[in-house]
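Colleague: Here you go, this is entry16.txt (compact mmCIF, C-alpha atoms and all ligand atoms).
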# COMPACT_ATOMS: atom_id res chain seq x y z
CA MET A 192 80.29 156.25 83.26
CA GLN A 193 82.93 157.61 80.90
CA ALA A 194 86.28 155.84 80.66
CA GLY A 195 89.39 156.66 78.73
CA LEU A 196 92.93 157.93 78.70
CA GLU A 197 93.77 160.60 81.24
CA SER A 198 97.42 160.79 80.21
CA LEU A 199 100.17 158.85 78.49
CA GLY A 200 103.91 158.47 78.79
CA ILE A 201 106.59 157.11 76.51
CA ALA A 202 110.07 155.69 77.03
CA VAL A 203 112.57 154.90 74.31
CA PRO A 204 116.25 154.00 74.58
CA PRO A 205 118.72 156.90 74.18
CA THR A 206 120.31 155.12 71.19
CA TYR A 207 119.23 154.10 67.70
CA VAL A 208 120.49 152.75 64.39
CA GLU A 209 120.03 154.66 61.14
CA LEU A 210 118.36 152.19 58.78
CA ALA A 211 120.16 153.54 55.72
CA GLU A 212 123.43 152.60 57.51
CA LEU A 213 122.11 149.15 58.40
CA ALA A 214 121.07 148.59 54.78
CA LYS A 215 124.57 149.46 53.54
CA ALA A 216 126.12 147.08 56.07
CA ARG A 217 123.81 144.28 54.90
CA GLY A 218 124.42 144.97 51.19
CA VAL A 219 120.81 146.07 50.66
CA ALA A 220 119.65 149.21 48.81
CA PRO A 221 118.82 151.81 51.55
CA GLY A 222 115.56 152.52 49.71
CA LYS A 223 114.30 149.07 50.65
CA TYR A 224 114.37 149.78 54.39
CA VAL A 225 113.57 153.51 54.35
CA ASP A 226 110.93 153.62 51.59
CA GLY A 227 110.09 149.92 51.10
CA LEU A 228 109.48 149.29 54.81
CA GLY A 229 108.86 152.89 55.84
CA VAL A 230 111.31 153.04 58.77
CA THR A 231 114.06 155.64 59.14
CA ARG A 232 115.55 154.78 62.55
CA MET A 233 115.19 151.87 64.92
CA ALA A 234 115.64 152.15 68.68
CA VAL A 235 118.29 149.89 70.21
CA PRO A 236 118.30 149.45 74.00
CA LEU A 237 121.50 149.73 76.00
CA VAL A 238 122.46 146.72 78.11
CA GLU A 239 121.17 148.30 81.33
CA GLU A 240 117.71 148.68 79.78
CA ASP A 241 115.04 146.02 79.62
CA THR A 242 111.27 145.68 79.50
CA VAL A 243 111.05 146.62 83.19
CA THR A 244 113.12 149.81 83.05
CA LEU A 245 111.36 151.03 79.89
CA ALA A 246 107.97 150.33 81.48
CA ALA A 247 108.86 152.17 84.68
CA ARG A 248 110.14 155.22 82.78
CA ALA A 249 107.03 155.44 80.60
CA ALA A 250 104.77 155.05 83.64
CA ARG A 251 106.54 157.81 85.50
CA MET A 252 105.97 160.19 82.59
CA ALA A 253 102.26 159.30 82.41
CA MET A 254 101.80 159.75 86.17
CA GLU A 255 103.66 163.07 86.26
CA ALA A 256 101.67 164.38 83.28
CA ALA A 257 98.41 163.72 85.18
CA GLY A 258 99.67 164.66 88.65
CA CYS A 259 98.81 161.11 89.69
CA ALA A 260 100.10 160.00 93.11
CA PRO A 261 101.10 156.32 93.61
CA GLU A 262 98.11 155.74 95.94
CA ASP A 263 95.70 156.82 93.16
CA VAL A 264 96.58 153.67 91.18
CA GLY A 265 94.33 150.66 91.85
CA MET A 266 95.38 148.45 88.95
CA LEU A 267 98.73 148.01 87.21
CA VAL A 268 99.00 145.77 84.16
CA VAL A 269 101.99 145.36 81.87
CA GLY A 270 101.30 143.96 78.41
CA THR A 271 104.48 142.45 77.00
CA GLU A 272 105.80 139.61 74.88
CA THR A 273 109.38 140.11 76.02
CA ALA A 274 109.05 139.58 79.77
CA VAL A 275 112.09 139.03 81.98
CA ASP A 276 110.86 135.99 83.95
CA HIS A 277 108.66 132.95 83.27
CA SER A 278 106.68 133.52 86.48
CA LYS A 279 107.20 136.89 88.15
CA PRO A 280 105.45 139.57 86.09
CA VAL A 281 107.18 142.70 84.82
CA SER A 282 104.42 144.64 86.58
CA SER A 283 105.63 143.55 90.04
CA TYR A 284 109.10 144.95 89.38
CA VAL A 285 107.45 148.16 88.13
CA GLN A 286 105.24 148.32 91.23
CA GLY A 287 108.38 148.21 93.36
CA LEU A 288 110.32 150.74 91.31
CA LEU A 289 107.43 153.23 91.31
CA GLY A 290 106.44 152.64 94.92
CA LEU A 291 102.85 151.77 94.04
CA PRO A 292 100.57 150.73 96.92
CA THR A 293 99.90 147.17 98.09
CA ARG A 294 96.15 147.75 97.62
CA CYS A 295 96.54 147.33 93.90
CA ARG A 296 95.76 144.58 91.38
CA VAL A 297 99.09 143.85 89.67
CA PHE A 298 99.63 141.44 86.78
CA GLU A 299 101.03 140.92 83.27
CA THR A 300 99.24 140.05 80.04
CA LYS A 301 100.59 138.27 76.98
CA HIS A 302 99.21 137.90 73.52
CA ALA A 303 102.00 139.05 71.19
CA CYS A 304 101.41 142.71 70.24
CA TYR A 305 97.78 142.55 71.41
CA GLY A 306 98.64 142.02 75.12
CA GLY A 307 98.49 145.73 75.99
CA THR A 308 95.17 146.20 74.22
CA ALA A 309 93.66 143.27 76.15
CA ALA A 310 94.73 145.00 79.37
CA LEU A 311 93.46 148.40 78.23
CA LEU A 312 89.99 147.11 77.33
CA LEU A 313 89.80 145.24 80.63
CA ALA A 314 90.76 148.40 82.53
CA MET A 315 88.10 150.34 80.64
CA ASP A 316 85.44 147.87 81.81
CA TRP A 317 86.85 148.03 85.38
CA VAL A 318 86.35 151.79 85.40
CA ARG A 319 82.92 151.70 83.72
CA SER A 320 81.58 149.04 86.07
CA GLY A 321 82.32 151.20 89.10
CA SER A 322 84.73 148.61 90.56
CA ALA A 323 87.57 151.14 90.31
CA LYS A 324 85.88 153.33 92.94
CA GLY A 325 87.69 156.45 91.71
CA LYS A 326 91.09 154.73 91.36
CA LYS A 327 93.05 154.74 88.12
CA ALA A 328 94.50 151.90 86.08
CA LEU A 329 98.06 152.08 84.81
CA ILE A 330 98.41 150.03 81.63
CA ILE A 331 101.93 149.73 80.26
CA CYS A 332 102.95 148.25 76.92
CA SER A 333 106.67 147.48 77.00
CA ASP A 334 108.83 145.43 74.66
CA ILE A 335 112.18 144.92 73.01
CA ALA A 336 111.49 143.70 69.46
CA ARG A 337 114.32 141.42 68.40
CA TYR A 338 114.64 139.19 65.35
CA GLY A 339 118.40 138.86 65.22
CA VAL A 340 121.28 140.14 63.15
CA GLY A 341 121.11 139.38 59.42
CA THR A 342 117.50 138.11 59.39
CA PRO A 343 114.76 139.60 57.13
CA GLY A 344 113.09 140.89 60.31
CA GLU A 345 116.24 142.75 61.44
CA PRO A 346 115.18 146.16 60.01
CA THR A 347 111.81 145.83 61.78
CA GLN A 348 113.23 145.69 65.32
CA GLY A 349 112.88 148.44 67.94
CA ALA A 350 112.36 148.99 71.66
CA GLY A 351 110.18 151.14 73.85
CA ALA A 352 107.23 151.44 76.18
CA VAL A 353 103.99 153.39 76.25
CA ALA A 354 102.11 153.89 79.52
CA LEU A 355 98.40 154.68 79.52
CA LEU A 356 96.65 156.09 82.56
CA VAL A 357 93.01 154.99 82.42
CA SER A 358 90.33 156.66 84.52
CA ASP A 359 86.84 158.12 84.59
CA LYS A 360 88.38 161.52 83.73
CA PRO A 361 89.56 161.03 80.16
CA LYS A 362 91.53 164.13 79.24
CA LEU A 363 93.01 162.68 76.05
CA LEU A 364 90.58 160.10 74.65
CA ALA A 365 87.17 158.79 75.68
CA PHE A 366 86.67 155.24 74.46
CA GLU A 367 83.35 154.38 72.93
CA ASN A 368 81.58 151.78 75.03
CA GLY A 369 80.56 148.70 73.06
CA LYS A 370 82.13 149.95 69.83
CA THR A 371 84.68 147.23 69.37
CA GLY A 372 85.13 144.32 67.01
CA ALA A 373 87.39 141.36 67.83
CA TYR A 374 88.87 138.68 65.57
CA ALA A 375 91.01 135.73 66.64
CA LYS A 376 92.47 132.78 64.74
CA ASP A 377 95.08 130.15 65.60
CA VAL A 378 97.91 130.83 63.10
CA MET A 379 101.70 130.41 63.13
CA ASP A 380 102.78 133.74 61.68
CA PHE A 381 105.11 134.97 64.42
CA TRP A 382 106.17 133.36 67.68
CA ARG A 383 109.09 133.01 70.10
CA PRO A 384 109.86 129.54 71.43
CA LEU A 385 110.74 129.30 75.13
CA TYR A 386 114.36 128.52 74.26
CA SER A 387 114.91 131.59 72.06
CA LYS A 388 115.63 135.27 72.65
CA ASP A 389 114.82 136.03 69.01
CA ALA A 390 111.36 135.93 67.47
CA VAL A 391 110.64 133.45 64.68
CA VAL A 392 108.48 134.80 61.90
CA ASP A 393 106.97 133.70 58.61
CA GLY A 394 107.25 137.28 57.38
CA HIS A 395 105.08 137.46 54.26
CA TYR A 396 102.48 135.14 55.78
CA SER A 397 102.37 137.40 58.88
CA VAL A 398 101.43 140.33 56.65
CA GLN A 399 98.54 138.33 55.21
CA CYS A 400 97.42 137.20 58.69
CA TYR A 401 97.43 140.86 59.82
CA LEU A 402 95.27 141.89 56.86
CA ASP A 403 92.84 138.98 57.37
CA ALA A 404 92.50 139.92 61.05
CA LEU A 405 91.99 143.58 60.12
CA GLU A 406 89.17 142.64 57.78
CA GLY A 407 87.53 140.41 60.41
CA ALA A 408 87.82 142.98 63.20
CA TYR A 409 86.68 145.89 61.01
CA ARG A 410 83.58 143.97 59.92
CA ALA A 411 82.87 142.99 63.53
CA TYR A 412 83.22 146.63 64.61
CA GLN A 413 80.75 147.72 61.97
CA GLU A 414 78.22 145.18 63.18
CA ALA A 415 78.77 146.02 66.86
CA SER A 416 78.52 149.79 66.64
CA ALA A 417 75.04 151.24 66.46
CA ASP A 418 75.86 153.99 64.01
CA ALA A 419 77.01 151.38 61.52
CA ARG A 420 73.43 150.15 61.40
CA GLU A 421 72.11 153.71 61.14
CA ASP A 422 74.44 154.39 58.24
CA ALA A 423 73.66 151.19 56.36
CA GLY A 424 73.03 152.10 52.78
CA GLY A 425 74.28 155.67 53.37
CA GLU A 426 76.60 157.63 51.10
CA GLY A 427 80.41 157.76 51.33
CA GLN A 428 83.11 155.47 52.69
CA TYR A 429 82.49 153.96 56.10
CA SER A 430 85.97 154.88 57.34
CA ASP A 431 85.43 158.55 56.49
CA ARG A 432 83.60 158.86 59.82
CA PHE A 433 87.06 158.71 61.44
CA ALA A 434 89.22 161.84 61.50
CA ALA A 435 92.19 159.47 61.70
CA LEU A 436 92.97 155.77 61.62
CA VAL A 437 95.71 154.36 63.83
CA TYR A 438 96.94 150.88 62.90
CA HIS A 439 99.33 148.54 64.67
CA VAL A 440 102.58 149.54 63.00
CA PRO A 441 105.38 146.95 62.98
CA TYR A 442 106.85 149.09 60.17
CA GLY A 443 105.34 152.06 58.33
CA LYS A 444 104.55 150.22 55.11
CA MET A 445 102.29 147.82 57.05
CA SER A 446 100.03 150.75 57.94
CA ARG A 447 99.85 151.68 54.28
CA LYS A 448 98.86 148.13 53.35
CA ALA A 449 96.30 148.12 56.18
CA HIS A 450 94.73 151.38 55.09
CA ARG A 451 94.60 150.28 51.47
CA HIS A 452 92.77 147.15 52.62
CA VAL A 453 90.23 149.07 54.73
CA ARG A 454 89.48 151.49 51.92
CA THR A 455 89.16 148.65 49.42
CA LEU A 456 86.67 146.97 51.78
CA ASP A 457 84.83 150.32 51.86
CA GLY A 458 84.59 150.20 48.07
CA ASP A 459 87.00 153.11 47.53
CA LYS A 460 88.25 153.08 43.93
CA GLU A 461 91.35 155.06 45.00
CA PRO A 462 92.25 153.30 48.25
CA ASP A 463 95.59 155.12 48.71
CA ALA A 464 94.22 158.64 48.17
CA SER A 465 93.27 159.25 51.83
CA PHE A 466 96.45 157.77 53.35
CA ASP A 467 98.37 160.99 54.07
CA ARG A 468 95.29 162.66 55.59
CA LEU A 469 93.98 159.80 57.71
CA VAL A 470 97.16 157.88 58.60
CA GLY A 471 100.24 160.07 57.91
CA PRO A 472 100.47 161.90 61.30
CA SER A 473 100.37 158.60 63.22
CA LEU A 474 103.60 157.43 61.56
CA VAL A 475 105.91 160.32 62.47
CA LEU A 476 107.14 158.84 65.79
CA PRO A 477 107.02 155.14 64.79
CA SER A 478 109.26 155.84 61.77
CA GLN A 479 111.92 157.04 64.25
CA VAL A 480 111.60 154.14 66.72
CA GLY A 481 110.67 150.99 64.79
CA ASN A 482 108.50 148.18 66.10
CA ILE A 483 107.83 148.19 69.84
CA TYR A 484 105.32 145.29 69.65
CA THR A 485 102.61 145.92 72.31
CA GLY A 486 103.23 149.66 72.34
CA SER A 487 103.37 150.18 68.57
CA MET A 488 99.78 151.22 68.04
CA TYR A 489 99.89 153.46 71.12
CA LEU A 490 103.09 155.14 69.94
CA ALA A 491 101.23 155.78 66.67
CA LEU A 492 98.34 157.25 68.67
CA ALA A 493 100.74 159.54 70.54
CA SER A 494 102.24 160.49 67.19
CA LEU A 495 98.81 161.43 65.85
CA LEU A 496 97.99 163.63 68.85
CA SER A 497 101.42 165.19 68.83
CA SER A 498 101.88 165.73 65.07
CA SER A 499 98.47 166.31 63.50
CA ARG A 500 97.91 169.89 62.36
CA GLU A 501 94.15 169.35 62.31
CA ASP A 502 92.07 170.18 65.40
CA LEU A 503 90.81 166.73 66.32
CA THR A 504 88.67 167.83 69.28
CA GLY A 505 85.40 165.91 69.43
CA LYS A 506 86.39 163.79 66.46
CA GLN A 507 86.40 160.01 66.27
CA VAL A 508 89.61 158.00 65.83
CA GLY A 509 89.64 154.37 64.66
CA LEU A 510 92.20 152.06 66.28
CA PHE A 511 93.39 148.65 65.10
CA SER A 512 95.48 146.42 67.33
CA TYR A 513 96.97 143.15 66.02
CA GLY A 514 98.75 140.42 67.94
CA SER A 515 100.24 137.51 66.02
CA GLY A 516 99.05 134.06 66.78
CA SER A 517 96.44 135.76 66.56
CA CYS A 518 93.99 138.18 68.15
CA ALA A 519 92.99 141.59 66.85
CA GLU A 520 90.57 144.33 67.76
CA PHE A 521 89.17 147.37 65.96
CA PHE A 522 87.79 149.99 68.35
CA SER A 523 87.27 153.72 68.50
CA ALA A 524 87.62 156.75 70.75
CA VAL A 525 86.75 160.44 70.76
CA VAL A 526 89.50 163.06 71.11
CA GLN A 527 88.98 165.31 74.14
CA PRO A 528 89.50 169.10 74.29
CA GLU A 529 93.19 170.01 74.84
CA ALA A 530 94.31 166.43 74.21
CA GLN A 531 96.65 167.57 71.45
CA ALA A 532 98.11 170.39 73.57
CA ARG A 533 98.67 167.97 76.46
CA VAL A 534 100.52 165.43 74.30
CA LYS A 535 102.53 168.15 72.51
CA ALA A 536 103.63 169.40 75.95
CA LEU A 537 105.34 166.04 76.55
CA GLY A 538 107.95 167.05 73.92
CA LEU A 539 108.11 163.61 72.34
CA GLU A 540 109.81 164.79 69.13
CA THR A 541 112.51 166.51 71.18
CA LEU A 542 112.97 163.34 73.24
CA LEU A 543 113.71 161.43 70.02
CA GLU A 544 116.01 164.13 68.66
CA LYS A 545 118.22 163.90 71.76
CA ARG A 546 119.14 160.26 71.09
CA ARG A 547 122.57 159.09 69.90
CA ALA A 548 123.19 157.14 66.70
CA LEU A 549 125.04 153.85 67.13
CA SER A 550 127.51 152.63 64.54
CA ILE A 551 126.68 149.21 63.11
CA PRO A 552 129.58 147.52 65.04
CA GLU A 553 128.32 149.16 68.27
CA TYR A 554 124.80 147.89 67.58
CA GLU A 555 126.05 144.37 66.82
CA ALA A 556 128.10 144.36 70.05
CA ILE A 557 124.97 145.30 72.04
CA MET A 558 122.97 142.55 70.33
CA ALA A 559 125.65 139.99 71.23
CA ALA A 560 125.92 141.25 74.82
CA ARG A 561 122.14 140.95 75.35
CA GLU A 562 122.44 137.18 74.80
CA LYS A 563 124.25 136.84 78.13
CA LEU A 564 122.50 139.52 80.16
CA ASP A 565 119.99 137.48 82.14
CA ASP A 566 122.58 135.91 84.44
CA LYS A 567 125.16 138.69 84.31
CA PRO A 568 126.55 139.15 87.87
CA ALA A 569 124.99 142.24 89.44
CA GLU A 570 127.23 145.28 89.67
CA GLU A 571 126.68 148.95 90.30
CA THR A 572 126.30 150.71 86.96
CA PRO A 573 126.87 154.44 86.59
CA GLY A 574 123.98 156.68 85.57
CA GLU A 575 120.63 157.94 86.68
CA GLY A 576 117.13 156.51 86.63
CA PHE A 577 115.88 152.95 86.37
CA ARG A 578 118.64 150.53 85.32
CA TYR A 579 119.07 146.77 85.18
CA GLN A 580 122.26 145.96 87.08
CA GLY A 581 122.45 142.19 86.71
CA THR A 582 121.43 139.10 88.65
CA ARG A 583 122.32 137.98 92.17
CA ASP A 584 121.05 134.70 93.72
CA HIS A 585 118.86 134.34 90.59
CA LYS A 586 117.19 137.68 91.38
CA ARG A 587 117.22 140.59 88.97
CA ILE A 588 118.56 143.77 90.54
CA TYR A 589 117.46 147.24 89.47
CA ALA A 590 118.74 150.71 90.31
CA ARG A 591 116.28 153.54 90.70
N1 LIG A 601 113.43 150.78 47.14
C1 LIG A 601 112.16 150.90 47.57
N2 LIG A 601 111.41 149.84 47.96
C2 LIG A 601 111.95 148.61 47.88
C3 LIG A 601 113.27 148.42 47.42
C4 LIG A 601 114.03 149.56 47.02
N3 LIG A 601 115.30 149.47 46.60
N4 LIG A 601 113.53 147.08 47.46
C5 LIG A 601 112.42 146.48 47.93
N5 LIG A 601 111.46 147.41 48.18
C6 LIG A 601 110.13 147.18 48.75
C7 LIG A 601 109.42 145.95 48.25
O1 LIG A 601 108.79 146.18 47.01
C8 LIG A 601 108.44 145.69 49.40
O2 LIG A 601 107.34 146.57 49.28
P1 LIG A 601 105.85 145.98 49.22
O3 LIG A 601 105.63 145.24 50.52
O4 LIG A 601 104.99 147.18 49.08
O5 LIG A 601 105.80 145.05 48.06
C9 LIG A 601 109.21 146.13 50.64
O6 LIG A 601 110.30 146.93 50.16
C10 LIG A 601 109.78 144.97 51.45
O7 LIG A 601 110.44 144.12 50.57
P2 LIG A 601 110.35 142.53 50.73
O8 LIG A 601 108.94 142.11 50.94
O9 LIG A 601 111.11 141.90 49.62
O10 LIG A 601 111.14 142.38 52.11
P3 LIG A 601 111.56 141.08 52.89
O11 LIG A 601 111.19 139.84 52.16
O12 LIG A 601 112.97 141.24 53.28
O13 LIG A 601 110.67 141.10 54.24
C11 LIG A 601 109.15 141.61 55.95
C12 LIG A 601 109.81 142.11 54.67
C13 LIG A 601 108.32 140.36 55.66
C14 LIG A 601 108.23 142.69 56.50
C15 LIG A 601 110.27 141.27 56.99
O14 LIG A 601 110.95 142.44 57.35
C16 LIG A 601 109.75 140.61 58.27
O15 LIG A 601 109.61 139.40 58.34
N6 LIG A 601 109.45 141.44 59.33
C17 LIG A 601 108.92 140.92 60.60
C18 LIG A 601 107.47 140.48 60.52
C19 LIG A 601 106.48 141.61 60.51
O16 LIG A 601 106.75 142.74 60.91
N7 LIG A 601 105.23 141.30 60.09
C20 LIG A 601 104.16 142.28 60.07
C21 LIG A 601 102.81 141.65 60.25
S1 LIG A 601 102.75 140.71 61.78
C22 LIG A 601 102.63 141.91 62.98
O17 LIG A 601 102.30 143.03 62.72
C23 LIG A 601 102.93 141.55 64.39
C24 LIG A 601 104.26 142.10 64.74
O18 LIG A 601 104.37 143.22 65.25
C25 LIG A 601 105.42 141.28 64.46
Let me see the structure of the file written as structure tokens.

Modeller:
Amino acid sequence: MQAGLESLGIAVPPTYVELAELAKARGVAPGKYVDGLGVTRMAVPLVEEDTVTLAARAARMAMEAAGCAPEDVGMLVVGTETAVDHSKPVSSYVQGLLGLPTRCRVFETKHACYGGTAALLLAMDWVRSGSAKGKKALIICSDIARYGVGTPGEPTQGAGAVALLVSDKPKLLAFENGKTGAYAKDVMDFWRPLYSKDAVVDGHYSVQCYLDALEGAYRAYQEASADAREDAGGEGQYSDRFAALVYHVPYGKMSRKAHRHVRTLDGDKEPDASFDRLVGPSLVLPSQVGNIYTGSMYLALASLLSSSREDLTGKQVGLFSYGSGSCAEFFSAVVQPEAQARVKALGLETLLEKRRALSIPEYEAIMAAREKLDDKPAEETPGEGFRYQGTRDHKRIYAR
């Protein structure tokens, strides 16, 4: 049985910070953030937004795009590393906000930025095994990436969610059964202690851990996929079989380093030469949003389908997901007819253009306010859509 993405949806905050402005405020050359890290804008969530509201908004877009009714969903998983409760999963709040049925498996997954991928691969097996019985799985990657004001990680923050509707009717991507390579190693490259809102990171070491995991997962993929064996000893670079490569993208430059590494492993003497062709279109949206942790690779995938000028129909795309700590996976999928038209119709670029730039003092005020949000007394907040209103009797309250 085929399994793959039937539709996707994206949610980003309506506000962002221009990284050139942030650089000036921090006394850093703007070129370091914009060219050195490869990020132009970073999304900053308003105080009424959190992992739940972003997830619900992204899910609604994915369901509307596929004409999916709540009762069609038989599994709802939220992958996140910035959950709102130590016990109750983000997915239960989302179930309530979206009115999803009680006959539904609902839970949350965590493994840094890999949590959403773990859920996606599980959902794929659920569909392929026949256990889904025609139902769909809603997999949502939702996070607020936060390192704190004035830290080296500050320009690599962001916020957003990507929802993936998985079914036996893949209209965007069909995932290739068995073609996946995993790599996991216990490392301390990035983590967030229970007592902290901000992530702790050993920045340069985390880059090396990412590249080591990429190498391990890419080699495992090659061994696991049958055509790798068929092609053994063949001509050309292994990664040329992919029409595009989509890497986990905490910041754009990381994708460039990743691609250089893959091509070097392939034996390419000019490992940067194929970057614009194979990776460039996947970075258009991420460069405007920043790191969204679990959703980063999927935002890059949406960017590829939305921005590529090449007809990708029937072509293979390589995907690399990395979660610090660490677990990584290299896997692949085939682009379905009309996938690009369907994603373009979501108007993702326009969605990003409609956002408002925050001044640096406004951004810093929001960062400070978020510190005290979890037990903020609940009050009615003006506006439309899903909003976090505060806490009453230790219960988080949301507006629809
Ligand atoms: N113009 C152009 N480029 C410039 C420049 C200028 N004026 N000044 C510096 N640069 C370049 C540097 O040469 C460097 O490029 P290379 O990496 O190609 O050498 C780049 O800008 C960054 O400079 P530094 O390495 O000096 O920057 P830094 O020490 O301040 O830290 C960082 C960079 C380690 C990525 C830091 O932002 C950080 O810790 N970020 C969070 C961790 C992270 O994202 N890790 C990624 C791997 S882990 C992962 O992927 C999981 C996850 O999502 C967190």

Colleague: Under the rule that only C-alpha atoms and all ligand atoms are counted, which of A:Gly514, A:Gly258, A:Gly306, A:Gly427 is the nearest residue to ligand LIG 601 (chain A)?

Modeller: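 The closest residue to ligand LIG 601 (chain A) is A:Gly514.
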
Colleague: Please extract the residues at most 8 Å from ligand LIG 601 (chain A), counting only C-alpha atoms and all ligand atoms, and provide them as a PyMOL selection string, using the chain letters and residue numbers of this document.

Modeller: chain A and resi 219-228+303-304+338+343-348+380-381+392-401+439-442+444-445+448+482-485+487+513-515

Colleague: Measure the distance from atom CA of A:Ala449 to atom CA of A:Gly481 in Å and round it to one decimal.

Modeller: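 Value for the atom CA of A:Ala449-atom CA of A:Gly481 distance: 17.0 Å.
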
Colleague: Pick out the residues sitting within 9 Å of A:Ser333, and hand them over as a ChimeraX atom specification; count all atoms listed in the file, and ignore anything fewer than 4 positions along from it in its own chain.

Modeller: /A:202,241-243,245-246,249,269-274,307,350-354,483-486

Colleague: Within 8 Å of A:Thr371, counting all atoms listed in the file, which residues show up once you throw out same-chain ones fewer than 2 positions away? Write them as a ChimeraX atom specification, please.

Modeller: /A:368-369,373,411-412,415-416,520-523

Colleague: Once you have the residues from the selection above, write them out as a PDB file, keeping the file's coordinate frame, restricted to C-alpha atoms.

Modeller:
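Saved file part-v7.pdb follows:
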ATOM      1  CA  ASN A 368      81.580 151.780  75.030  1.00  0.00           C
ATOM      2  CA  GLY A 369      80.560 148.700  73.060  1.00  0.00           C
ATOM      3  CA  ALA A 373      87.390 141.360  67.830  1.00  0.00           C
ATOM      4  CA  ALA A 411      82.870 142.990  63.530  1.00  0.00           C
ATOM      5  CA  TYR A 412      83.220 146.630  64.610  1.00  0.00           C
ATOM      6  CA  ALA A 415      78.770 146.020  66.860  1.00  0.00           C
ATOM      7  CA  SER A 416      78.520 149.790  66.640  1.00  0.00           C
ATOM      8  CA  GLU A 520      90.570 144.330  67.760  1.00  0.00           C
ATOM      9  CA  PHE A 521      89.170 147.370  65.960  1.00  0.00           C
ATOM     10  CA  PHE A 522      87.790 149.990  68.350  1.00  0.00           C
ATOM     11  CA  SER A 523      87.270 153.720  68.500  1.00  0.00           C
TER      12      SER A 523
END

Colleague: Choose the residue, out of A:Ala365, A:Ala408, A:Leu543, A:Cys518, that has the smallest atom-to-atom separation from A:Ser478; count all atoms listed in the file.

Modeller: A:Leu543

Colleague: Which polymer residues have any atom within 12 Å of an atom of A:Asp431, counting all atoms listed in the file, with same-chain residues fewer than 2 positions away left out, as a PyMOL selection string?

Modeller: chain A and resi 422+425-429+433-436+450+453-454+457-459+462+465-466+468-470+506-509

Colleague: Can you tell me which residues surround A:Glu501 at a distance of at most 10 Å, considering all atoms listed in the file, apart from same-chain residues fewer than 3 positions away, and format the answer as a count of residues only?

Modeller: 8

Colleague: Between A:Glu197, A:Asp584, A:Glu240, A:Glu406, which residue has the minimum interatomic distance to A:Ala328, considering all atoms listed in the file?

Modeller: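 Nearest candidate to A:Ala328 out of A:Glu197, A:Asp584, A:Glu240, A:Glu406: A:Glu197.
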
Colleague: Report, in Å with one decimal, the straight-line distance from atom CA of A:Cys295 to atom CA of A:Arg591.

Modeller: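 Separation of atom CA of A:Cys295 and atom CA of A:Arg591: 20.9 Å.
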
Colleague: Would you mind reading off the distance between atom CA of A:Leu537 and atom CA of A:Leu199, one decimal, in Å?

Modeller: 9.1 Å

Colleague: Skipping near chain neighbours, those fewer than 2 positions away, what residues fall within 10 Å of A:Leu213 using only C-alpha atoms, listed as a PyMOL selection string?

Modeller: chain A and resi 208-211+215-221+224+232-233+341+345-346+550-551+554

Colleague: Go through A:Val230, A:Lys279, A:Leu355, A:Arg337 one by one, measure the shortest atom-to-atom distance of each to A:Ala257 using all atoms listed in the file, and give the residue with the smallest value.

Modeller: A:Leu355

Colleague: So, counting only C-alpha atoms, which residue among A:Leu311, A:Ala375, A:Ala214, A:Leu363 is closest to A:Thr342?

Modeller: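 Of all the options, A:Ala214 lies closest to A:Thr342.
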
Colleague: Could you check which of A:Glu299, A:Asp359, A:Glu570, A:Glu367 is closest to A:Ala417, using all atoms listed in the file?

Modeller: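 The shortest atom-to-atom distance to A:Ala417 comes from A:Glu367.
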